[in-house]
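Structure file coords.pdb (PDB, C-alpha atoms, pLDDT in the B column) is printed below.
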ATOM      1  CA  ILE T  16       3.601-167.570  61.557  1.00 82.00           C
ATOM      2  CA  ASP T  17       3.756-165.294  64.561  1.00 88.00           C
ATOM      3  CA  TRP T  18       2.039-162.007  63.827  1.00 90.00           C
ATOM      4  CA  PRO T  19       2.865-159.112  66.156  1.00 92.00           C
ATOM      5  CA  LYS T  20       0.032-158.516  68.627  1.00 90.00           C
ATOM      6  CA  SER T  21      -0.466-155.005  67.303  1.00 93.00           C
ATOM      7  CA  GLN T  22      -0.958-156.374  63.783  1.00 95.00           C
ATOM      8  CA  VAL T  23      -3.461-159.010  64.940  1.00 94.00           C
ATOM      9  CA  ARG T  24      -5.375-156.335  66.834  1.00 95.00           C
ATOM     10  CA  SER T  25      -5.321-154.119  63.755  1.00 96.00           C
ATOM     11  CA  PHE T  26      -6.719-156.939  61.596  1.00 97.00           C
ATOM     12  CA  ALA T  27      -9.425-157.715  64.168  1.00 96.00           C
ATOM     13  CA  LEU T  28     -10.455-154.086  64.555  1.00 95.00           C
ATOM     14  CA  ALA T  29     -10.557-153.561  60.791  1.00 96.00           C
ATOM     15  CA  TYR T  30     -13.001-156.463  60.582  1.00 94.00           C
ATOM     16  CA  TYR T  31     -14.934-155.106  63.576  1.00 94.00           C
ATOM     17  CA  GLN T  32     -15.326-151.682  61.959  1.00 92.00           C
ATOM     18  CA  GLN T  33     -16.378-153.170  58.628  1.00 92.00           C
ATOM     19  CA  ALA T  34     -18.895-155.475  60.326  1.00 91.00           C
ATOM     20  CA  GLN T  35     -20.294-152.556  62.343  1.00 89.00           C
ATOM     21  CA  GLN T  36     -20.753-150.492  59.189  1.00 90.00           C
ATOM     22  CA  GLN T  37     -22.596-153.344  57.491  1.00 90.00           C
ATOM     23  CA  GLY T  38     -24.764-154.098  60.523  1.00 88.00           C
ATOM     24  CA  ILE T  39     -23.359-157.629  60.936  1.00 85.00           C
ATOM     25  CA  TRP T  40     -22.482-157.189  64.614  1.00 76.00           C
ATOM     26  CA  PRO T  41     -24.699-155.754  67.281  1.00 75.00           C
ATOM     27  CA  ARG T  42     -23.374-152.577  68.832  1.00 80.00           C
ATOM     28  CA  LEU T  43     -20.402-153.696  70.867  1.00 84.00           C
ATOM     29  CA  ARG T  44     -17.642-151.596  72.267  1.00 90.00           C
ATOM     30  CA  GLU T  45     -14.211-152.292  70.810  1.00 91.00           C
ATOM     31  CA  GLY T  46     -13.029-153.822  74.061  1.00 93.00           C
ATOM     32  CA  GLU T  47     -15.946-156.246  74.129  1.00 94.00           C
ATOM     33  CA  PHE T  48     -15.218-157.299  70.578  1.00 94.00           C
ATOM     34  CA  ILE T  49     -11.504-157.827  71.288  1.00 96.00           C
ATOM     35  CA  GLN T  50     -12.317-159.850  74.402  1.00 96.00           C
ATOM     36  CA  GLY T  51     -14.655-162.077  72.390  1.00 95.00           C
ATOM     37  CA  PHE T  52     -12.022-162.366  69.671  1.00 96.00           C
ATOM     38  CA  ASP T  53      -9.398-163.391  72.251  1.00 97.00           C
ATOM     39  CA  LEU T  54     -11.662-165.875  74.013  1.00 97.00           C
ATOM     40  CA  MET T  55     -12.752-167.508  70.765  1.00 97.00           C
ATOM     41  CA  GLY T  56      -9.097-167.826  69.755  1.00 96.00           C
ATOM     42  CA  LEU T  57      -8.273-169.266  73.172  1.00 98.00           C
ATOM     43  CA  GLN T  58     -10.986-171.905  72.857  1.00 98.00           C
ATOM     44  CA  ARG T  59      -9.717-172.885  69.419  1.00 97.00           C
ATOM     45  CA  HIS T  60      -6.118-173.096  70.594  1.00 96.00           C
ATOM     46  CA  ILE T  61      -7.062-175.290  73.551  1.00 97.00           C
ATOM     47  CA  LYS T  62      -8.916-177.528  71.095  1.00 97.00           C
ATOM     48  CA  VAL T  63      -5.764-177.700  68.933  1.00 97.00           C
ATOM     49  CA  LEU T  64      -3.701-178.714  71.977  1.00 96.00           C
ATOM     50  CA  GLY T  65      -6.068-181.607  72.590  1.00 96.00           C
ATOM     51  CA  ILE T  66      -6.223-182.695  68.954  1.00 97.00           C
ATOM     52  CA  PHE T  67      -2.453-182.631  68.479  1.00 96.00           C
ATOM     53  CA  ALA T  68      -1.957-184.535  71.752  1.00 94.00           C
ATOM     54  CA  ARG T  69      -4.494-187.161  70.649  1.00 96.00           C
ATOM     55  CA  LEU T  70      -2.850-187.526  67.247  1.00 97.00           C
ATOM     56  CA  SER T  71       0.457-188.202  68.972  1.00 96.00           C
ATOM     57  CA  LEU T  72      -0.716-190.369  71.856  1.00 95.00           C
ATOM     58  CA  ARG T  73      -3.434-192.419  70.222  1.00 97.00           C
ATOM     59  CA  ASP T  74      -2.611-192.340  66.528  1.00 97.00           C
ATOM     60  CA  ASN T  75       1.195-192.292  66.785  1.00 97.00           C
ATOM     61  CA  LYS T  76       1.342-189.187  64.543  1.00 97.00           C
ATOM     62  CA  HIS T  77       3.944-186.925  66.098  1.00 96.00           C
ATOM     63  CA  GLY T  78       4.458-184.371  63.319  1.00 95.00           C
ATOM     64  CA  TYR T  79       2.300-181.685  64.929  1.00 94.00           C
ATOM     65  CA  LEU T  80       4.123-181.724  68.274  1.00 95.00           C
ATOM     66  CA  LYS T  81       6.617-179.164  66.961  1.00 93.00           C
ATOM     67  CA  ASP T  82       3.736-176.669  66.713  1.00 94.00           C
ATOM     68  CA  LEU T  83       2.562-177.071  70.305  1.00 95.00           C
ATOM     69  CA  PRO T  84       4.998-174.590  71.913  1.00 96.00           C
ATOM     70  CA  ARG T  85       3.566-171.731  69.801  1.00 95.00           C
ATOM     71  CA  VAL T  86      -0.013-172.772  70.645  1.00 96.00           C
ATOM     72  CA  LEU T  87       0.895-173.063  74.339  1.00 96.00           C
ATOM     73  CA  ALA T  88       2.465-169.603  74.304  1.00 95.00           C
ATOM     74  CA  TYR T  89      -0.667-168.090  72.793  1.00 95.00           C
ATOM     75  CA  THR T  90      -2.876-169.956  75.268  1.00 96.00           C
ATOM     76  CA  LEU T  91      -0.875-168.778  78.273  1.00 96.00           C
ATOM     77  CA  ASP T  92      -0.701-165.227  76.931  1.00 95.00           C
ATOM     78  CA  VAL T  93      -4.471-164.905  76.623  1.00 96.00           C
ATOM     79  CA  LEU T  94      -5.122-166.684  79.934  1.00 97.00           C
ATOM     80  CA  GLY T  95      -2.770-164.211  81.614  1.00 95.00           C
ATOM     81  CA  HIS T  96      -4.511-161.218  80.082  1.00 95.00           C
ATOM     82  CA  TYR T  97      -7.954-161.715  81.627  1.00 97.00           C
ATOM     83  CA  PRO T  98      -8.386-161.642  85.421  1.00 97.00           C
ATOM     84  CA  ALA T  99     -11.514-163.816  85.158  1.00 97.00           C
ATOM     85  CA  LEU T 100      -9.270-166.591  83.813  1.00 97.00           C
ATOM     86  CA  ALA T 101      -6.633-166.290  86.545  1.00 97.00           C
ATOM     87  CA  SER T 102      -7.513-169.629  88.156  1.00 97.00           C
ATOM     88  CA  VAL T 103      -7.241-171.429  84.797  1.00 97.00           C
ATOM     89  CA  HIS T 104      -3.954-169.638  84.111  1.00 97.00           C
ATOM     90  CA  GLN T 105      -2.601-170.685  87.495  1.00 97.00           C
ATOM     91  CA  TRP T 106      -3.777-174.287  87.005  1.00 97.00           C
ATOM     92  CA  PHE T 107      -2.125-174.386  83.583  1.00 95.00           C
ATOM     93  CA  TYR T 108       1.187-173.155  85.008  1.00 93.00           C
ATOM     94  CA  LEU T 109       1.187-175.277  88.156  1.00 96.00           C
ATOM     95  CA  ARG T 110      -0.298-178.523  86.877  1.00 96.00           C
ATOM     96  CA  LEU T 111       0.333-178.755  83.154  1.00 95.00           C
ATOM     97  CA  MET T 112       3.487-176.797  82.382  1.00 95.00           C
ATOM     98  CA  PRO T 113       5.808-178.835  84.651  1.00 97.00           C
ATOM     99  CA  ARG T 114       4.739-181.973  82.768  1.00 95.00           C
ATOM    100  CA  ILE T 115       4.862-180.282  79.375  1.00 95.00           C
ATOM    101  CA  GLU T 116       8.355-178.918  80.014  1.00 96.00           C
ATOM    102  CA  GLN T 117       9.605-182.499  80.513  1.00 96.00           C
ATOM    103  CA  GLN T 118       8.512-183.554  77.027  1.00 94.00           C
ATOM    104  CA  GLY T 119      11.143-183.960  74.343  1.00 93.00           C
ATOM    105  CA  TRP T 120       9.199-181.824  71.868  1.00 93.00           C
ATOM    106  CA  TYR T 121       8.878-178.843  74.180  1.00 95.00           C
ATOM    107  CA  ALA T 122      10.927-175.682  73.713  1.00 94.00           C
ATOM    108  CA  PRO T 123       9.887-172.272  75.081  1.00 93.00           C
ATOM    109  CA  HIS T 124       8.300-170.077  72.439  1.00 94.00           C
ATOM    110  CA  LYS T 125       8.222-166.288  72.537  1.00 91.00           C
ATOM    111  CA  LEU T 126       5.326-164.721  70.690  1.00 87.00           C
ATOM    112  CA  ALA T 127       5.955-161.821  68.344  1.00 82.00           C
ATOM    113  CA  GLN T 128       5.240-158.541  70.111  1.00 78.00           C
TER     114      GLN T 128
END
Spell out the structure here as structure tokens.
Amino acid sequence: IDWPKSQVRSFALAYYQQAQQQGIWPRLREGEFIQGFDLMGLQRHIKVLGIFARLSLRDNKHGYLKDLPRVLAYTLDVLGHYPALASVHQWFYLRLMPRIEQQGWYAPHKLAQ
């Protein structure tokens, strides 16, 4: 499921506010929380890319390949949002995407706005 970015942000901030009220999180500004939320999601999506690739390449289980375009789109979106990740974003586009785009399972995926 693609959730619109505004909805995801709304969910994240609702959790943030609830956690702040209950003293679960240290005092963070909203922007710091959202950045941490994005970076944690990015790490998990990169992990998924590796796991799904391994399942296909090593274990001959190709069923998850259809989900990779959505995960790639999210990964590239978050990488492109943070200037500190610009070199990783550039590497992803220049080194990985040309190879990915040649794969039979690849189709561009547009995230819900």
Checklist line | Matched chain/residue IDs from the PyMOL selection byres ((chain T and resi 104) around 9), as a list of chain:residue names | finding: T:Thr90, T:Leu91, T:Val93, T:Leu94, T:Gly95, T:Leu100, T:Ala101, T:Ser102, T:Val103, T:Gln105, T:Trp106, T:Phe107, T:Tyr108, T:Leu109
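Counting only C-alpha atoms, the residue from T:Trp18, T:Val23, T:Tyr121, T:Tyr89 that sits nearest to Leu57 of chain T is T:Tyr89.
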Tell me which residues the PyMOL selection byres ((chain T and resi 50-53) around 10) grabs here, as a PDB file with C-alpha atoms, keeping the file's coordinate frame.
ATOM      1  CA  ARG T  24      -5.375-156.335  66.834  1.00 95.00           C
ATOM      2  CA  ALA T  27      -9.425-157.715  64.168  1.00 96.00           C
ATOM      3  CA  LEU T  28     -10.455-154.086  64.555  1.00 95.00           C
ATOM      4  CA  TYR T  31     -14.934-155.106  63.576  1.00 94.00           C
ATOM      5  CA  GLU T  45     -14.211-152.292  70.810  1.00 91.00           C
ATOM      6  CA  GLY T  46     -13.029-153.822  74.061  1.00 93.00           C
ATOM      7  CA  GLU T  47     -15.946-156.246  74.129  1.00 94.00           C
ATOM      8  CA  PHE T  48     -15.218-157.299  70.578  1.00 94.00           C
ATOM      9  CA  ILE T  49     -11.504-157.827  71.288  1.00 96.00           C
ATOM     10  CA  LEU T  54     -11.662-165.875  74.013  1.00 97.00           C
ATOM     11  CA  MET T  55     -12.752-167.508  70.765  1.00 97.00           C
ATOM     12  CA  GLY T  56      -9.097-167.826  69.755  1.00 96.00           C
ATOM     13  CA  LEU T  57      -8.273-169.266  73.172  1.00 98.00           C
ATOM     14  CA  GLN T  58     -10.986-171.905  72.857  1.00 98.00           C
ATOM     15  CA  ARG T  59      -9.717-172.885  69.419  1.00 97.00           C
ATOM     16  CA  TYR T  89      -0.667-168.090  72.793  1.00 95.00           C
ATOM     17  CA  THR T  90      -2.876-169.956  75.268  1.00 96.00           C
ATOM     18  CA  VAL T  93      -4.471-164.905  76.623  1.00 96.00           C
ATOM     19  CA  LEU T  94      -5.122-166.684  79.934  1.00 97.00           C
ATOM     20  CA  HIS T  96      -4.511-161.218  80.082  1.00 95.00           C
ATOM     21  CA  TYR T  97      -7.954-161.715  81.627  1.00 97.00           C
TER      22      TYR T  97
END
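From atom CA of Tyr30 of chain T back to atom CA of Leu43 of chain T, the distance works out to 13.0 Å.
Among the candidates T:Arg44, T:Lys76, T:Lys62, T:Lys20, the residue lying nearest to Lys125 of chain T is T:Lys20 (atoms considered: all atoms listed in the file).
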Notebook entry, point to check: Suppose you want the space between atom CA of Leu72 of chain T and atom CA of Arg114 of chain T; what is it in Å?
Noted result: 14.8 Å
Check: What is the atom CA of Ala88 of chain T-atom CA of His60 of chain T distance in Å, reported with one decimal?
Finding: 10.0 Å
Would you list the contacts of Leu87 of chain T as a PDB file with C-alpha atoms, keeping the file's coordinate frame, taking every protein, DNA or RNA residue within 9 Å and counting all atoms listed in the file, but skipping same-chain residues closer than 3 positions in sequence?
ATOM      1  CA  HIS T  60      -6.118-173.096  70.594  1.00 96.00           C
ATOM      2  CA  ILE T  61      -7.062-175.290  73.551  1.00 97.00           C
ATOM      3  CA  LEU T  64      -3.701-178.714  71.977  1.00 96.00           C
ATOM      4  CA  ASP T  82       3.736-176.669  66.713  1.00 94.00           C
ATOM      5  CA  LEU T  83       2.562-177.071  70.305  1.00 95.00           C
ATOM      6  CA  PRO T  84       4.998-174.590  71.913  1.00 96.00           C
ATOM      7  CA  THR T  90      -2.876-169.956  75.268  1.00 96.00           C
ATOM      8  CA  LEU T  91      -0.875-168.778  78.273  1.00 96.00           C
ATOM      9  CA  ASP T  92      -0.701-165.227  76.931  1.00 95.00           C
ATOM     10  CA  HIS T 124       8.300-170.077  72.439  1.00 94.00           C
TER      11      HIS T 124
END
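The closest residue to Phe67 of chain T, picked from T:Lys81, T:Arg42, T:Ala127, T:Glu116 and counting only C-alpha atoms, is T:Lys81.
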Return segment 68-93 of chain T, completed with N, CA and C atoms, as an mmCIF file, in the coordinates of the input.
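Saved as out_32.cif:
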data_model
loop_
_atom_site.group_PDB
_atom_site.id
_atom_site.type_symbol
_atom_site.label_atom_id
_atom_site.label_comp_id
_atom_site.auth_asym_id
_atom_site.auth_seq_id
_atom_site.Cartn_x
_atom_site.Cartn_y
_atom_site.Cartn_z
ATOM 1 N N ALA T 68 -2.342 -183.534 70.745
ATOM 2 C CA ALA T 68 -1.957 -184.535 71.752
ATOM 3 C C ALA T 68 -2.566 -185.894 71.399
ATOM 4 N N ARG T 69 -3.839 -185.901 71.027
ATOM 5 C CA ARG T 69 -4.494 -187.161 70.649
ATOM 6 C C ARG T 69 -3.814 -187.790 69.441
ATOM 7 N N LEU T 70 -3.512 -186.986 68.430
ATOM 8 C CA LEU T 70 -2.850 -187.526 67.247
ATOM 9 C C LEU T 70 -1.537 -188.201 67.620
ATOM 10 N N SER T 71 -0.813 -187.620 68.556
ATOM 11 C CA SER T 71 0.457 -188.202 68.972
ATOM 12 C C SER T 71 0.252 -189.437 69.847
ATOM 13 N N LEU T 72 -0.570 -189.296 70.871
ATOM 14 C CA LEU T 72 -0.716 -190.369 71.856
ATOM 15 C C LEU T 72 -1.498 -191.573 71.327
ATOM 16 N N ARG T 73 -2.582 -191.322 70.668
ATOM 17 C CA ARG T 73 -3.434 -192.419 70.222
ATOM 18 C C ARG T 73 -3.074 -192.928 68.832
ATOM 19 N N ASP T 74 -2.789 -191.976 67.930
ATOM 20 C CA ASP T 74 -2.611 -192.340 66.528
ATOM 21 C C ASP T 74 -1.148 -192.447 66.108
ATOM 22 N N ASN T 75 -0.243 -192.192 67.048
ATOM 23 C CA ASN T 75 1.195 -192.292 66.785
ATOM 24 C C ASN T 75 1.647 -191.367 65.650
ATOM 25 N N LYS T 76 0.983 -190.198 65.543
ATOM 26 C CA LYS T 76 1.342 -189.187 64.543
ATOM 27 C C LYS T 76 1.939 -187.998 65.295
ATOM 28 N N HIS T 77 3.238 -187.884 65.255
ATOM 29 C CA HIS T 77 3.944 -186.925 66.098
ATOM 30 C C HIS T 77 4.343 -185.641 65.376
ATOM 31 N N GLY T 78 4.018 -185.507 64.123
ATOM 32 C CA GLY T 78 4.458 -184.371 63.319
ATOM 33 C C GLY T 78 3.997 -183.017 63.815
ATOM 34 N N TYR T 79 2.846 -182.962 64.478
ATOM 35 C CA TYR T 79 2.300 -181.685 64.929
ATOM 36 C C TYR T 79 2.870 -181.221 66.270
ATOM 37 N N LEU T 80 3.601 -182.094 66.959
ATOM 38 C CA LEU T 80 4.123 -181.724 68.274
ATOM 39 C C LEU T 80 5.033 -180.499 68.212
ATOM 40 N N LYS T 81 5.716 -180.319 67.094
ATOM 41 C CA LYS T 81 6.617 -179.164 66.961
ATOM 42 C C LYS T 81 5.856 -177.843 67.000
ATOM 43 N N ASP T 82 4.553 -177.881 66.715
ATOM 44 C CA ASP T 82 3.736 -176.669 66.713
ATOM 45 C C ASP T 82 3.133 -176.347 68.081
ATOM 46 N N LEU T 83 3.197 -177.288 69.007
ATOM 47 C CA LEU T 83 2.562 -177.071 70.305
ATOM 48 C C LEU T 83 3.164 -175.929 71.121
ATOM 49 N N PRO T 84 4.479 -175.708 71.121
ATOM 50 C CA PRO T 84 4.998 -174.590 71.913
ATOM 51 C C PRO T 84 4.391 -173.235 71.526
ATOM 52 N N ARG T 85 4.174 -172.988 70.244
ATOM 53 C CA ARG T 85 3.566 -171.731 69.801
ATOM 54 C C ARG T 85 2.119 -171.647 70.301
ATOM 55 N N VAL T 86 1.383 -172.748 70.202
ATOM 56 C CA VAL T 86 -0.013 -172.772 70.645
ATOM 57 C C VAL T 86 -0.077 -172.596 72.164
ATOM 58 N N LEU T 87 0.831 -173.230 72.881
ATOM 59 C CA LEU T 87 0.895 -173.063 74.339
ATOM 60 C C LEU T 87 1.191 -171.616 74.715
ATOM 61 N N ALA T 88 2.112 -170.994 74.001
ATOM 62 C CA ALA T 88 2.465 -169.603 74.304
ATOM 63 C C ALA T 88 1.257 -168.690 74.108
ATOM 64 N N TYR T 89 0.530 -168.897 73.026
ATOM 65 C CA TYR T 89 -0.667 -168.090 72.793
ATOM 66 C C TYR T 89 -1.697 -168.335 73.895
ATOM 67 N N THR T 90 -1.909 -169.594 74.231
ATOM 68 C CA THR T 90 -2.876 -169.956 75.268
ATOM 69 C C THR T 90 -2.540 -169.275 76.585
ATOM 70 N N LEU T 91 -1.289 -169.374 77.001
ATOM 71 C CA LEU T 91 -0.875 -168.778 78.273
ATOM 72 C C LEU T 91 -0.944 -167.256 78.227
ATOM 73 N N ASP T 92 -0.628 -166.681 77.085
ATOM 74 C CA ASP T 92 -0.701 -165.227 76.931
ATOM 75 C C ASP T 92 -2.127 -164.729 77.143
ATOM 76 N N VAL T 93 -3.082 -165.348 76.495
ATOM 77 C CA VAL T 93 -4.471 -164.905 76.623
ATOM 78 C C VAL T 93 -5.001 -165.205 78.025
#
